[in-house]
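Have a look at the structure below, then the notes.
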Amino acid sequence: MDYSEKVLDHFMNPRNMGEIDGASGVGQVGNAKCGDIMRISLEIDEGVIKDAKFRTLGCGAAIATSSMATEMVMGKRIEDVVKITNSSVAEALDGLPPAKMHCSVLAQEALHAALYDYSIKSGVAVEGLKPPTDHDHDHDHGEEH
Ligand code: FES
């Protein structure tokens with residue numbers, strides 16, 4: 001399986017690993033099939049992401065996508081973070097092998113779940129944000145891990 005240089009780099013040197021104390025919003029999601037878990041915490045001030053950290057218990061692609069997702073949101077406004085999709089994260093990593101695209105879905109979901117948590121806690125409505133779905137996805141997972 002071919003991974004881009006960027007995927008390998010983010011896997012071997014993950015950015016923003018950890019958890020923000022007293023985060024404005026925290027999102028944790030999992031993939032029921034592989035059992036991988038991703039948790040993203042965000043510090044948000046006046047609609048801008050001031051800090052983002054992740055903890056991922058999962059495969060290399062899940063670690064790389066969560067690392068990249070935290071990099072991508074830094075300094076962005078919430079409205080722009082809502083628009084980040086799993087494919088934009090995968091693109092920022094110069095692509096993922098097809099069997100690993102679902103790992104980037106976790107990154108999108110964790111990000112959106114953290115924003116949702118923020119909007120509940122702060123009472124700030126985030127336009128375009130859907131409530132997190134349950135975690136038992138049907139998307140194709142492939143065999144490997
Ligand atoms: Fe489960 Fe990558 S997220 S294999």
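Going through the structure tokens in order, the chains are called A, B, and so on, while each chain numbers its residues from 1 and the ligands are numbered from 1 in the order shown.
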What's the 12 Å shell around segment 33-39 of chain A, counting only C-alpha atoms, without same-chain residues fewer than 2 positions away, as a PDB file with N, CA, C and O atoms, in the first residue's frame?
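Output saved as around.pdb:
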ATOM      1  N   ASN A  16       0.338  18.361  17.309  1.00  0.00           N
ATOM      2  CA  ASN A  16      -0.781  18.667  18.227  1.00  0.00           C
ATOM      3  C   ASN A  16      -1.385  17.443  18.919  1.00  0.00           C
ATOM      4  O   ASN A  16      -2.602  17.329  19.040  1.00  0.00           O
ATOM      5  N   MET A  17      -0.516  16.560  19.353  1.00  0.00           N
ATOM      6  CA  MET A  17      -1.039  15.403  20.063  1.00  0.00           C
ATOM      7  C   MET A  17      -1.317  15.796  21.507  1.00  0.00           C
ATOM      8  O   MET A  17      -0.559  16.545  22.094  1.00  0.00           O
ATOM      9  N   GLY A  18      -2.422  15.297  22.043  1.00  0.00           N
ATOM     10  CA  GLY A  18      -2.731  15.572  23.444  1.00  0.00           C
ATOM     11  C   GLY A  18      -4.156  16.027  23.607  1.00  0.00           C
ATOM     12  O   GLY A  18      -4.995  15.762  22.751  1.00  0.00           O
ATOM     13  N   GLU A  19      -4.387  16.684  24.694  1.00  0.00           N
ATOM     14  CA  GLU A  19      -5.750  17.104  25.006  1.00  0.00           C
ATOM     15  C   GLU A  19      -5.693  18.497  25.629  1.00  0.00           C
ATOM     16  O   GLU A  19      -4.810  18.776  26.436  1.00  0.00           O
ATOM     17  N   ILE A  20      -6.620  19.363  25.240  1.00  0.00           N
ATOM     18  CA  ILE A  20      -6.639  20.719  25.797  1.00  0.00           C
ATOM     19  C   ILE A  20      -7.401  20.706  27.115  1.00  0.00           C
ATOM     20  O   ILE A  20      -8.540  20.240  27.165  1.00  0.00           O
ATOM     21  N   ALA A  23     -11.134  22.504  27.420  1.00  0.00           N
ATOM     22  CA  ALA A  23     -11.416  22.788  26.003  1.00  0.00           C
ATOM     23  C   ALA A  23     -12.809  23.388  25.823  1.00  0.00           C
ATOM     24  O   ALA A  23     -13.720  23.106  26.596  1.00  0.00           O
ATOM     25  N   GLY A  25     -14.625  22.689  23.260  1.00  0.00           N
ATOM     26  CA  GLY A  25     -15.424  21.597  22.703  1.00  0.00           C
ATOM     27  C   GLY A  25     -14.562  20.357  22.504  1.00  0.00           C
ATOM     28  O   GLY A  25     -13.397  20.473  22.128  1.00  0.00           O
ATOM     29  N   VAL A  26     -15.156  19.201  22.790  1.00  0.00           N
ATOM     30  CA  VAL A  26     -14.424  17.947  22.622  1.00  0.00           C
ATOM     31  C   VAL A  26     -15.300  16.985  21.829  1.00  0.00           C
ATOM     32  O   VAL A  26     -16.496  16.862  22.095  1.00  0.00           O
ATOM     33  N   GLY A  27     -14.723  16.326  20.859  1.00  0.00           N
ATOM     34  CA  GLY A  27     -15.480  15.349  20.083  1.00  0.00           C
ATOM     35  C   GLY A  27     -14.747  14.026  20.058  1.00  0.00           C
ATOM     36  O   GLY A  27     -13.557  13.986  19.740  1.00  0.00           O
ATOM     37  N   GLN A  28     -15.451  12.987  20.412  1.00  0.00           N
ATOM     38  CA  GLN A  28     -14.837  11.662  20.328  1.00  0.00           C
ATOM     39  C   GLN A  28     -15.707  10.765  19.464  1.00  0.00           C
ATOM     40  O   GLN A  28     -16.912  10.672  19.665  1.00  0.00           O
ATOM     41  N   VAL A  29     -15.089  10.150  18.497  1.00  0.00           N
ATOM     42  CA  VAL A  29     -15.830   9.261  17.613  1.00  0.00           C
ATOM     43  C   VAL A  29     -15.053   7.960  17.448  1.00  0.00           C
ATOM     44  O   VAL A  29     -13.867   7.891  17.735  1.00  0.00           O
ATOM     45  N   GLY A  30     -15.766   6.960  16.990  1.00  0.00           N
ATOM     46  CA  GLY A  30     -15.100   5.677  16.795  1.00  0.00           C
ATOM     47  C   GLY A  30     -15.663   4.992  15.578  1.00  0.00           C
ATOM     48  O   GLY A  30     -16.747   5.319  15.102  1.00  0.00           O
ATOM     49  N   ASN A  31     -14.913   4.084  15.059  1.00  0.00           N
ATOM     50  CA  ASN A  31     -15.404   3.244  13.980  1.00  0.00           C
ATOM     51  C   ASN A  31     -15.642   1.863  14.568  1.00  0.00           C
ATOM     52  O   ASN A  31     -14.723   1.216  15.063  1.00  0.00           O
ATOM     53  N   SER A  41      -9.933  17.897  20.691  1.00  0.00           N
ATOM     54  CA  SER A  41     -10.396  18.987  21.554  1.00  0.00           C
ATOM     55  C   SER A  41      -9.991  20.325  20.948  1.00  0.00           C
ATOM     56  O   SER A  41      -8.922  20.447  20.344  1.00  0.00           O
ATOM     57  N   LEU A  42     -10.890  21.288  21.089  1.00  0.00           N
ATOM     58  CA  LEU A  42     -10.697  22.600  20.473  1.00  0.00           C
ATOM     59  C   LEU A  42     -10.809  23.712  21.510  1.00  0.00           C
ATOM     60  O   LEU A  42     -11.656  23.648  22.395  1.00  0.00           O
ATOM     61  N   ALA A  52      -5.951  23.280  18.860  1.00  0.00           N
ATOM     62  CA  ALA A  52      -6.601  22.002  18.561  1.00  0.00           C
ATOM     63  C   ALA A  52      -5.629  20.891  18.907  1.00  0.00           C
ATOM     64  O   ALA A  52      -4.434  20.993  18.614  1.00  0.00           O
ATOM     65  N   LYS A  53      -6.140  19.885  19.564  1.00  0.00           N
ATOM     66  CA  LYS A  53      -5.297  18.731  19.885  1.00  0.00           C
ATOM     67  C   LYS A  53      -6.081  17.444  19.630  1.00  0.00           C
ATOM     68  O   LYS A  53      -7.305  17.438  19.647  1.00  0.00           O
ATOM     69  N   PHE A  54      -5.323  16.377  19.415  1.00  0.00           N
ATOM     70  CA  PHE A  54      -6.013  15.108  19.167  1.00  0.00           C
ATOM     71  C   PHE A  54      -5.374  13.963  19.932  1.00  0.00           C
ATOM     72  O   PHE A  54      -4.207  14.006  20.303  1.00  0.00           O
ATOM     73  N   ARG A  55      -6.200  12.978  20.175  1.00  0.00           N
ATOM     74  CA  ARG A  55      -5.726  11.687  20.681  1.00  0.00           C
ATOM     75  C   ARG A  55      -6.372  10.629  19.825  1.00  0.00           C
ATOM     76  O   ARG A  55      -7.588  10.600  19.694  1.00  0.00           O
ATOM     77  N   THR A  56      -5.559   9.797  19.246  1.00  0.00           N
ATOM     78  CA  THR A  56      -6.110   8.764  18.369  1.00  0.00           C
ATOM     79  C   THR A  56      -5.555   7.406  18.744  1.00  0.00           C
ATOM     80  O   THR A  56      -4.352   7.231  18.871  1.00  0.00           O
ATOM     81  N   LEU A  57      -6.486   6.521  18.961  1.00  0.00           N
ATOM     82  CA  LEU A  57      -6.116   5.139  19.197  1.00  0.00           C
ATOM     83  C   LEU A  57      -6.517   4.423  17.937  1.00  0.00           C
ATOM     84  O   LEU A  57      -7.675   4.058  17.760  1.00  0.00           O
ATOM     85  N   GLY A  58      -5.573   4.311  17.025  1.00  0.00           N
ATOM     86  CA  GLY A  58      -5.988   3.733  15.762  1.00  0.00           C
ATOM     87  C   GLY A  58      -4.842   3.543  14.802  1.00  0.00           C
ATOM     88  O   GLY A  58      -3.681   3.643  15.172  1.00  0.00           O
ATOM     89  N   CYS A  59      -5.219   3.319  13.571  1.00  0.00           N
ATOM     90  CA  CYS A  59      -4.233   2.993  12.551  1.00  0.00           C
ATOM     91  C   CYS A  59      -3.416   4.225  12.162  1.00  0.00           C
ATOM     92  O   CYS A  59      -3.745   5.347  12.539  1.00  0.00           O
ATOM     93  N   GLY A  60      -2.379   4.004  11.394  1.00  0.00           N
ATOM     94  CA  GLY A  60      -1.501   5.090  10.978  1.00  0.00           C
ATOM     95  C   GLY A  60      -2.224   6.171  10.207  1.00  0.00           C
ATOM     96  O   GLY A  60      -1.975   7.366  10.405  1.00  0.00           O
ATOM     97  N   ALA A  61      -3.135   5.782   9.323  1.00  0.00           N
ATOM     98  CA  ALA A  61      -3.863   6.776   8.537  1.00  0.00           C
ATOM     99  C   ALA A  61      -4.781   7.605   9.431  1.00  0.00           C
ATOM    100  O   ALA A  61      -4.982   8.800   9.197  1.00  0.00           O
ATOM    101  N   ALA A  62      -5.317   6.983  10.479  1.00  0.00           N
ATOM    102  CA  ALA A  62      -6.169   7.726  11.411  1.00  0.00           C
ATOM    103  C   ALA A  62      -5.328   8.740  12.182  1.00  0.00           C
ATOM    104  O   ALA A  62      -5.754   9.877  12.421  1.00  0.00           O
ATOM    105  N   ILE A  63      -4.129   8.356  12.547  1.00  0.00           N
ATOM    106  CA  ILE A  63      -3.236   9.282  13.254  1.00  0.00           C
ATOM    107  C   ILE A  63      -2.846  10.431  12.324  1.00  0.00           C
ATOM    108  O   ILE A  63      -2.915  11.603  12.699  1.00  0.00           O
ATOM    109  N   ALA A  64      -2.471  10.094  11.088  1.00  0.00           N
ATOM    110  CA  ALA A  64      -2.070  11.134  10.134  1.00  0.00           C
ATOM    111  C   ALA A  64      -3.230  12.085   9.833  1.00  0.00           C
ATOM    112  O   ALA A  64      -3.037  13.303   9.791  1.00  0.00           O
ATOM    113  N   THR A  65      -4.443  11.560   9.668  1.00  0.00           N
ATOM    114  CA  THR A  65      -5.557  12.457   9.328  1.00  0.00           C
ATOM    115  C   THR A  65      -5.937  13.325  10.530  1.00  0.00           C
ATOM    116  O   THR A  65      -6.284  14.485  10.355  1.00  0.00           O
ATOM    117  N   SER A  66      -5.846  12.773  11.743  1.00  0.00           N
ATOM    118  CA  SER A  66      -6.200  13.635  12.881  1.00  0.00           C
ATOM    119  C   SER A  66      -5.139  14.694  13.092  1.00  0.00           C
ATOM    120  O   SER A  66      -5.452  15.841  13.419  1.00  0.00           O
ATOM    121  N   SER A  67      -3.879  14.334  12.884  1.00  0.00           N
ATOM    122  CA  SER A  67      -2.806  15.320  12.989  1.00  0.00           C
ATOM    123  C   SER A  67      -3.022  16.438  11.967  1.00  0.00           C
ATOM    124  O   SER A  67      -2.983  17.628  12.301  1.00  0.00           O
ATOM    125  N   ALA A  69      -5.821  17.244  10.455  1.00  0.00           N
ATOM    126  CA  ALA A  69      -7.056  17.984  10.737  1.00  0.00           C
ATOM    127  C   ALA A  69      -6.804  19.075  11.778  1.00  0.00           C
ATOM    128  O   ALA A  69      -7.282  20.203  11.632  1.00  0.00           O
ATOM    129  N   THR A  70      -6.025  18.768  12.814  1.00  0.00           N
ATOM    130  CA  THR A  70      -5.772  19.795  13.840  1.00  0.00           C
ATOM    131  C   THR A  70      -4.950  20.936  13.250  1.00  0.00           C
ATOM    132  O   THR A  70      -5.167  22.094  13.579  1.00  0.00           O
ATOM    133  N   LYS A 100      -8.112   3.247   2.853  1.00  0.00           N
ATOM    134  CA  LYS A 100      -7.875   4.030   4.068  1.00  0.00           C
ATOM    135  C   LYS A 100      -8.676   5.322   4.096  1.00  0.00           C
ATOM    136  O   LYS A 100      -8.539   6.125   5.019  1.00  0.00           O
ATOM    137  N   HIS A 102     -11.719   5.732   4.728  1.00  0.00           N
ATOM    138  CA  HIS A 102     -12.655   5.787   5.861  1.00  0.00           C
ATOM    139  C   HIS A 102     -11.984   6.345   7.120  1.00  0.00           C
ATOM    140  O   HIS A 102     -12.648   6.870   8.005  1.00  0.00           O
ATOM    141  N   CYS A 103     -10.675   6.225   7.206  1.00  0.00           N
ATOM    142  CA  CYS A 103      -9.969   6.738   8.383  1.00  0.00           C
ATOM    143  C   CYS A 103     -10.099   8.263   8.438  1.00  0.00           C
ATOM    144  O   CYS A 103     -10.216   8.855   9.512  1.00  0.00           O
ATOM    145  N   SER A 104     -10.109   8.890   7.243  1.00  0.00           N
ATOM    146  CA  SER A 104     -10.244  10.349   7.209  1.00  0.00           C
ATOM    147  C   SER A 104     -11.664  10.765   7.595  1.00  0.00           C
ATOM    148  O   SER A 104     -11.892  11.888   8.043  1.00  0.00           O
ATOM    149  N   VAL A 105     -12.619   9.851   7.426  1.00  0.00           N
ATOM    150  CA  VAL A 105     -13.996  10.142   7.843  1.00  0.00           C
ATOM    151  C   VAL A 105     -14.037  10.359   9.359  1.00  0.00           C
ATOM    152  O   VAL A 105     -14.736  11.236   9.868  1.00  0.00           O
ATOM    153  N   LEU A 106     -13.240   9.576  10.072  1.00  0.00           N
ATOM    154  CA  LEU A 106     -13.179   9.761  11.529  1.00  0.00           C
ATOM    155  C   LEU A 106     -12.711  11.174  11.874  1.00  0.00           C
ATOM    156  O   LEU A 106     -13.220  11.793  12.811  1.00  0.00           O
ATOM    157  N   ALA A 107     -11.733  11.674  11.125  1.00  0.00           N
ATOM    158  CA  ALA A 107     -11.203  13.016  11.398  1.00  0.00           C
ATOM    159  C   ALA A 107     -12.287  14.071  11.209  1.00  0.00           C
ATOM    160  O   ALA A 107     -12.463  14.967  12.040  1.00  0.00           O
ATOM    161  N   GLN A 108     -13.030  13.952  10.115  1.00  0.00           N
ATOM    162  CA  GLN A 108     -14.121  14.900   9.881  1.00  0.00           C
ATOM    163  C   GLN A 108     -15.156  14.799  10.999  1.00  0.00           C
ATOM    164  O   GLN A 108     -15.603  15.812  11.547  1.00  0.00           O
ATOM    165  N   GLU A 109     -15.499  13.584  11.360  1.00  0.00           N
ATOM    166  CA  GLU A 109     -16.525  13.398  12.387  1.00  0.00           C
ATOM    167  C   GLU A 109     -16.078  13.907  13.754  1.00  0.00           C
ATOM    168  O   GLU A 109     -16.859  14.496  14.495  1.00  0.00           O
ATOM    169  N   ALA A 110     -14.821  13.667  14.089  1.00  0.00           N
ATOM    170  CA  ALA A 110     -14.312  14.112  15.393  1.00  0.00           C
ATOM    171  C   ALA A 110     -14.317  15.637  15.461  1.00  0.00           C
ATOM    172  O   ALA A 110     -14.692  16.235  16.470  1.00  0.00           O
ATOM    173  N   LEU A 111     -13.931  16.249  14.358  1.00  0.00           N
ATOM    174  CA  LEU A 111     -13.910  17.711  14.270  1.00  0.00           C
ATOM    175  C   LEU A 111     -15.322  18.272  14.434  1.00  0.00           C
ATOM    176  O   LEU A 111     -15.565  19.188  15.221  1.00  0.00           O
ATOM    177  N   HIS A 112     -16.245  17.710  13.688  1.00  0.00           N
ATOM    178  CA  HIS A 112     -17.618  18.185  13.749  1.00  0.00           C
ATOM    179  C   HIS A 112     -18.240  17.908  15.121  1.00  0.00           C
ATOM    180  O   HIS A 112     -18.993  18.738  15.638  1.00  0.00           O
ATOM    181  N   ALA A 113     -17.902  16.764  15.713  1.00  0.00           N
ATOM    182  CA  ALA A 113     -18.428  16.447  17.043  1.00  0.00           C
ATOM    183  C   ALA A 113     -17.892  17.449  18.071  1.00  0.00           C
ATOM    184  O   ALA A 113     -18.610  17.854  18.988  1.00  0.00           O
ATOM    185  N   ALA A 114     -16.639  17.860  17.916  1.00  0.00           N
ATOM    186  CA  ALA A 114     -16.059  18.845  18.848  1.00  0.00           C
ATOM    187  C   ALA A 114     -16.761  20.192  18.688  1.00  0.00           C
ATOM    188  O   ALA A 114     -17.060  20.874  19.673  1.00  0.00           O
ATOM    189  N   HIS A 135     -22.231   5.873  16.017  1.00  0.00           N
ATOM    190  CA  HIS A 135     -20.909   5.541  15.497  1.00  0.00           C
ATOM    191  C   HIS A 135     -20.823   4.236  14.728  1.00  0.00           C
ATOM    192  O   HIS A 135     -19.761   3.841  14.295  1.00  0.00           O
ATOM    193  N   ASP A 136     -21.955   3.608  14.557  1.00  0.00           N
ATOM    194  CA  ASP A 136     -21.908   2.330  13.876  1.00  0.00           C
ATOM    195  C   ASP A 136     -22.098   2.526  12.379  1.00  0.00           C
ATOM    196  O   ASP A 136     -23.193   2.435  11.860  1.00  0.00           O
ATOM    197  N   HIS A 137     -21.020   2.820  11.712  1.00  0.00           N
ATOM    198  CA  HIS A 137     -21.139   3.166  10.303  1.00  0.00           C
ATOM    199  C   HIS A 137     -21.210   1.955   9.412  1.00  0.00           C
ATOM    200  O   HIS A 137     -20.659   0.927   9.702  1.00  0.00           O
ATOM    201  N   ASP A 138     -21.840   2.218   8.274  1.00  0.00           N
ATOM    202  CA  ASP A 138     -21.939   1.134   7.302  1.00  0.00           C
ATOM    203  C   ASP A 138     -20.875   1.240   6.235  1.00  0.00           C
ATOM    204  O   ASP A 138     -20.758   0.362   5.404  1.00  0.00           O
ATOM    205  N   HIS A 139     -20.124   2.348   6.252  1.00  0.00           N
ATOM    206  CA  HIS A 139     -19.218   2.485   5.117  1.00  0.00           C
ATOM    207  C   HIS A 139     -18.186   1.365   5.107  1.00  0.00           C
ATOM    208  O   HIS A 139     -17.806   0.815   6.118  1.00  0.00           O
ATOM    209  N   ASP A 140     -17.765   1.125   3.910  1.00  0.00           N
ATOM    210  CA  ASP A 140     -16.869  -0.002   3.684  1.00  0.00           C
ATOM    211  C   ASP A 140     -15.560   0.203   4.433  1.00  0.00           C
ATOM    212  O   ASP A 140     -14.951   1.245   4.372  1.00  0.00           O
ATOM    213  N   HIS A 141     -15.159  -0.807   5.110  1.00  0.00           N
ATOM    214  CA  HIS A 141     -13.974  -0.655   5.933  1.00  0.00           C
ATOM    215  C   HIS A 141     -12.761  -1.410   5.424  1.00  0.00           C
ATOM    216  O   HIS A 141     -11.637  -1.119   5.786  1.00  0.00           O
ATOM    217  N   GLY A 142     -12.970  -2.403   4.598  1.00  0.00           N
ATOM    218  CA  GLY A 142     -11.828  -3.196   4.150  1.00  0.00           C
ATOM    219  C   GLY A 142     -11.399  -4.126   5.268  1.00  0.00           C
ATOM    220  O   GLY A 142     -11.962  -4.118   6.355  1.00  0.00           O
ATOM    221  N   GLU A 143     -10.390  -4.886   5.006  1.00  0.00           N
ATOM    222  CA  GLU A 143      -9.997  -5.925   5.959  1.00  0.00           C
ATOM    223  C   GLU A 143      -8.880  -5.483   6.856  1.00  0.00           C
ATOM    224  O   GLU A 143      -8.698  -5.963   7.960  1.00  0.00           O
ATOM    225  N   GLU A 144      -8.082  -4.559   6.323  1.00  0.00           N
ATOM    226  CA  GLU A 144      -6.849  -4.338   7.068  1.00  0.00           C
ATOM    227  C   GLU A 144      -6.997  -3.304   8.145  1.00  0.00           C
ATOM    228  O   GLU A 144      -7.995  -2.630   8.247  1.00  0.00           O
ATOM    229  N   HIS A 145      -5.942  -3.168   8.896  1.00  0.00           N
ATOM    230  CA  HIS A 145      -5.967  -2.242   9.998  1.00  0.00           C
ATOM    231  C   HIS A 145      -4.712  -1.416   9.990  1.00  0.00           C
ATOM    232  O   HIS A 145      -3.674  -1.890   9.632  1.00  0.00           O
TER     233      HIS A 145
END
Mind listing the strand (DSSP E or B) residues of segment 45-107 of chain A, per DSSP on the backbone, as an MDAnalysis selection string? chainID A and resid 45 48:57 77
Output the selection as a PDB file, in the first residue's frame - N, CA, C and O atoms for each residue.
ATOM      1  N   ASP A  45     -12.159  30.888  20.590  1.00  0.00           N
ATOM      2  CA  ASP A  45     -12.332  32.206  21.167  1.00  0.00           C
ATOM      3  C   ASP A  45     -12.893  33.135  20.098  1.00  0.00           C
ATOM      4  O   ASP A  45     -12.300  33.278  19.022  1.00  0.00           O
ATOM      5  N   VAL A  48     -13.042  31.764  16.628  1.00  0.00           N
ATOM      6  CA  VAL A  48     -11.804  31.350  15.966  1.00  0.00           C
ATOM      7  C   VAL A  48     -11.152  30.211  16.758  1.00  0.00           C
ATOM      8  O   VAL A  48     -11.133  30.227  17.984  1.00  0.00           O
ATOM      9  N   ILE A  49     -10.646  29.232  16.021  1.00  0.00           N
ATOM     10  CA  ILE A  49      -9.959  28.110  16.675  1.00  0.00           C
ATOM     11  C   ILE A  49      -8.565  28.565  17.102  1.00  0.00           C
ATOM     12  O   ILE A  49      -7.712  28.868  16.267  1.00  0.00           O
ATOM     13  N   LYS A  50      -8.372  28.600  18.414  1.00  0.00           N
ATOM     14  CA  LYS A  50      -7.082  29.061  18.941  1.00  0.00           C
ATOM     15  C   LYS A  50      -6.126  27.893  19.131  1.00  0.00           C
ATOM     16  O   LYS A  50      -4.913  28.045  19.093  1.00  0.00           O
ATOM     17  N   ASP A  51      -6.696  26.724  19.398  1.00  0.00           N
ATOM     18  CA  ASP A  51      -5.840  25.560  19.603  1.00  0.00           C
ATOM     19  C   ASP A  51      -6.648  24.305  19.300  1.00  0.00           C
ATOM     20  O   ASP A  51      -7.878  24.291  19.448  1.00  0.00           O
ATOM     21  N   ALA A  52      -5.951  23.280  18.860  1.00  0.00           N
ATOM     22  CA  ALA A  52      -6.601  22.002  18.561  1.00  0.00           C
ATOM     23  C   ALA A  52      -5.629  20.891  18.907  1.00  0.00           C
ATOM     24  O   ALA A  52      -4.434  20.993  18.614  1.00  0.00           O
ATOM     25  N   LYS A  53      -6.140  19.885  19.564  1.00  0.00           N
ATOM     26  CA  LYS A  53      -5.297  18.731  19.885  1.00  0.00           C
ATOM     27  C   LYS A  53      -6.081  17.444  19.630  1.00  0.00           C
ATOM     28  O   LYS A  53      -7.305  17.438  19.647  1.00  0.00           O
ATOM     29  N   PHE A  54      -5.323  16.377  19.415  1.00  0.00           N
ATOM     30  CA  PHE A  54      -6.013  15.108  19.167  1.00  0.00           C
ATOM     31  C   PHE A  54      -5.374  13.963  19.932  1.00  0.00           C
ATOM     32  O   PHE A  54      -4.207  14.006  20.303  1.00  0.00           O
ATOM     33  N   ARG A  55      -6.200  12.978  20.175  1.00  0.00           N
ATOM     34  CA  ARG A  55      -5.726  11.687  20.681  1.00  0.00           C
ATOM     35  C   ARG A  55      -6.372  10.629  19.825  1.00  0.00           C
ATOM     36  O   ARG A  55      -7.588  10.600  19.694  1.00  0.00           O
ATOM     37  N   THR A  56      -5.559   9.797  19.246  1.00  0.00           N
ATOM     38  CA  THR A  56      -6.110   8.764  18.369  1.00  0.00           C
ATOM     39  C   THR A  56      -5.555   7.406  18.744  1.00  0.00           C
ATOM     40  O   THR A  56      -4.352   7.231  18.871  1.00  0.00           O
ATOM     41  N   LEU A  57      -6.486   6.521  18.961  1.00  0.00           N
ATOM     42  CA  LEU A  57      -6.116   5.139  19.197  1.00  0.00           C
ATOM     43  C   LEU A  57      -6.517   4.423  17.937  1.00  0.00           C
ATOM     44  O   LEU A  57      -7.675   4.058  17.760  1.00  0.00           O
ATOM     45  N   ARG A  77     -11.875  30.244  11.261  1.00  0.00           N
ATOM     46  CA  ARG A  77     -13.167  30.540  11.860  1.00  0.00           C
ATOM     47  C   ARG A  77     -14.045  29.285  11.820  1.00  0.00           C
ATOM     48  O   ARG A  77     -13.902  28.437  10.930  1.00  0.00           O
TER      49      ARG A  77
END
With only C-alpha atoms and all ligand atoms as the basis for distance, which of A:Met12, A:Val73, A:Ala99, A:Ile84 is at the shortest distance from ligand 1? A:Ala99
Non-local contacts of Gly95 of chain A (9 Å; only C-alpha atoms; under 6 positions in same chain excluded) as a PyMOL selection string: chain A and resi 3-4+6-7+87+89+101
Give me a file of those residues, with N, CA and C atoms, as a PDB file, in the first residue's frame.
ATOM      1  N   TYR A   3       1.671   5.025   0.671  1.00  0.00           N
ATOM      2  CA  TYR A   3       1.299   6.228   1.416  1.00  0.00           C
ATOM      3  C   TYR A   3       2.134   7.395   0.911  1.00  0.00           C
ATOM      4  N   SER A   4       1.517   8.569   0.876  1.00  0.00           N
ATOM      5  CA  SER A   4       2.262   9.760   0.461  1.00  0.00           C
ATOM      6  C   SER A   4       3.282  10.117   1.539  1.00  0.00           C
ATOM      7  N   LYS A   6       3.553  12.879   2.928  1.00  0.00           N
ATOM      8  CA  LYS A   6       2.884  13.676   3.974  1.00  0.00           C
ATOM      9  C   LYS A   6       2.202  12.782   4.997  1.00  0.00           C
ATOM     10  N   VAL A   7       1.572  11.710   4.514  1.00  0.00           N
ATOM     11  CA  VAL A   7       0.926  10.783   5.448  1.00  0.00           C
ATOM     12  C   VAL A   7       1.986  10.201   6.384  1.00  0.00           C
ATOM     13  N   SER A  87     -12.577  14.427   2.611  1.00  0.00           N
ATOM     14  CA  SER A  87     -11.734  14.482   1.403  1.00  0.00           C
ATOM     15  C   SER A  87     -10.791  15.666   1.421  1.00  0.00           C
ATOM     16  N   VAL A  89      -9.285  16.756   4.054  1.00  0.00           N
ATOM     17  CA  VAL A  89      -8.169  16.318   4.909  1.00  0.00           C
ATOM     18  C   VAL A  89      -7.273  15.356   4.125  1.00  0.00           C
ATOM     19  N   MET A 101      -9.523   5.526   3.088  1.00  0.00           N
ATOM     20  CA  MET A 101     -10.301   6.774   3.064  1.00  0.00           C
ATOM     21  C   MET A 101     -11.209   6.871   4.283  1.00  0.00           C
TER      22      MET A 101
END
Using only C-alpha atoms and all ligand atoms, which of A:Leu96, A:Met72, A:Val81, A:Ile40 sits nearest ligand 1? A:Leu96
As a CSV table (one decimal) with C-alpha atoms, in the first residue's frame, please: every residue in segment 18-140 of chain A that a backbone DSSP assignment puts in helix (DSSP H, G or I).
chain,number,residue,atom,x,y,z
A,60,GLY,CA,-1.5,5.1,11.0
A,61,ALA,CA,-3.9,6.8,8.5
A,62,ALA,CA,-6.2,7.7,11.4
A,63,ILE,CA,-3.2,9.3,13.3
A,64,ALA,CA,-2.1,11.1,10.1
A,65,THR,CA,-5.6,12.5,9.3
A,66,SER,CA,-6.2,13.6,12.9
A,67,SER,CA,-2.8,15.3,13.0
A,68,MET,CA,-3.5,17.1,9.7
A,69,ALA,CA,-7.1,18.0,10.7
A,70,THR,CA,-5.8,19.8,13.8
A,71,GLU,CA,-3.2,21.7,11.7
A,72,MET,CA,-5.9,22.6,9.2
A,73,VAL,CA,-8.3,24.2,11.7
A,78,ILE,CA,-15.8,28.0,12.9
A,79,GLU,CA,-17.8,28.6,9.7
A,80,ASP,CA,-14.8,27.5,7.7
A,81,VAL,CA,-14.0,24.5,9.9
A,82,VAL,CA,-17.6,23.2,9.3
A,86,ASN,CA,-12.8,14.0,5.0
A,87,SER,CA,-11.7,14.5,1.4
A,88,SER,CA,-10.2,17.9,2.1
A,89,VAL,CA,-8.2,16.3,4.9
A,90,ALA,CA,-7.1,13.5,2.6
A,91,GLU,CA,-6.2,15.9,-0.1
A,92,ALA,CA,-4.1,18.0,2.3
A,98,PRO,CA,-8.8,3.9,-1.2
A,99,ALA,CA,-8.9,1.3,1.6
A,100,LYS,CA,-7.9,4.0,4.1
A,101,MET,CA,-10.3,6.8,3.1
A,102,HIS,CA,-12.7,5.8,5.9
A,103,CYS,CA,-10.0,6.7,8.4
A,104,SER,CA,-10.2,10.3,7.2
A,105,VAL,CA,-14.0,10.1,7.8
A,106,LEU,CA,-13.2,9.8,11.5
A,107,ALA,CA,-11.2,13.0,11.4
A,108,GLN,CA,-14.1,14.9,9.9
A,109,GLU,CA,-16.5,13.4,12.4
A,110,ALA,CA,-14.3,14.1,15.4
A,111,LEU,CA,-13.9,17.7,14.3
A,112,HIS,CA,-17.6,18.2,13.7
A,113,ALA,CA,-18.4,16.4,17.0
A,114,ALA,CA,-16.1,18.8,18.8
A,115,LEU,CA,-17.8,21.8,17.2
A,116,TYR,CA,-21.2,20.4,18.1
A,117,ASP,CA,-20.0,20.0,21.7
A,118,TYR,CA,-18.9,23.6,21.7
A,119,SER,CA,-22.2,24.9,20.3
A,120,ILE,CA,-24.1,23.0,23.0
A,121,LYS,CA,-21.8,24.2,25.8
A,122,SER,CA,-21.6,27.8,24.6
Point out the residue among A:Pro131, A:Gly75, A:Pro97, A:Gly123 with the least atom-to-atom distance to ligand 1, counting only C-alpha atoms and all ligand atoms. A:Pro97
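Atom CA of Gly128 of chain A is found 29.0 Å from atom CA of Pro14 of chain A.
Atom to atom, atom CA of Asn13 of chain A and atom 2 (Fe, counted along the ligand's line) of ligand 1 stand 17.3 Å apart.
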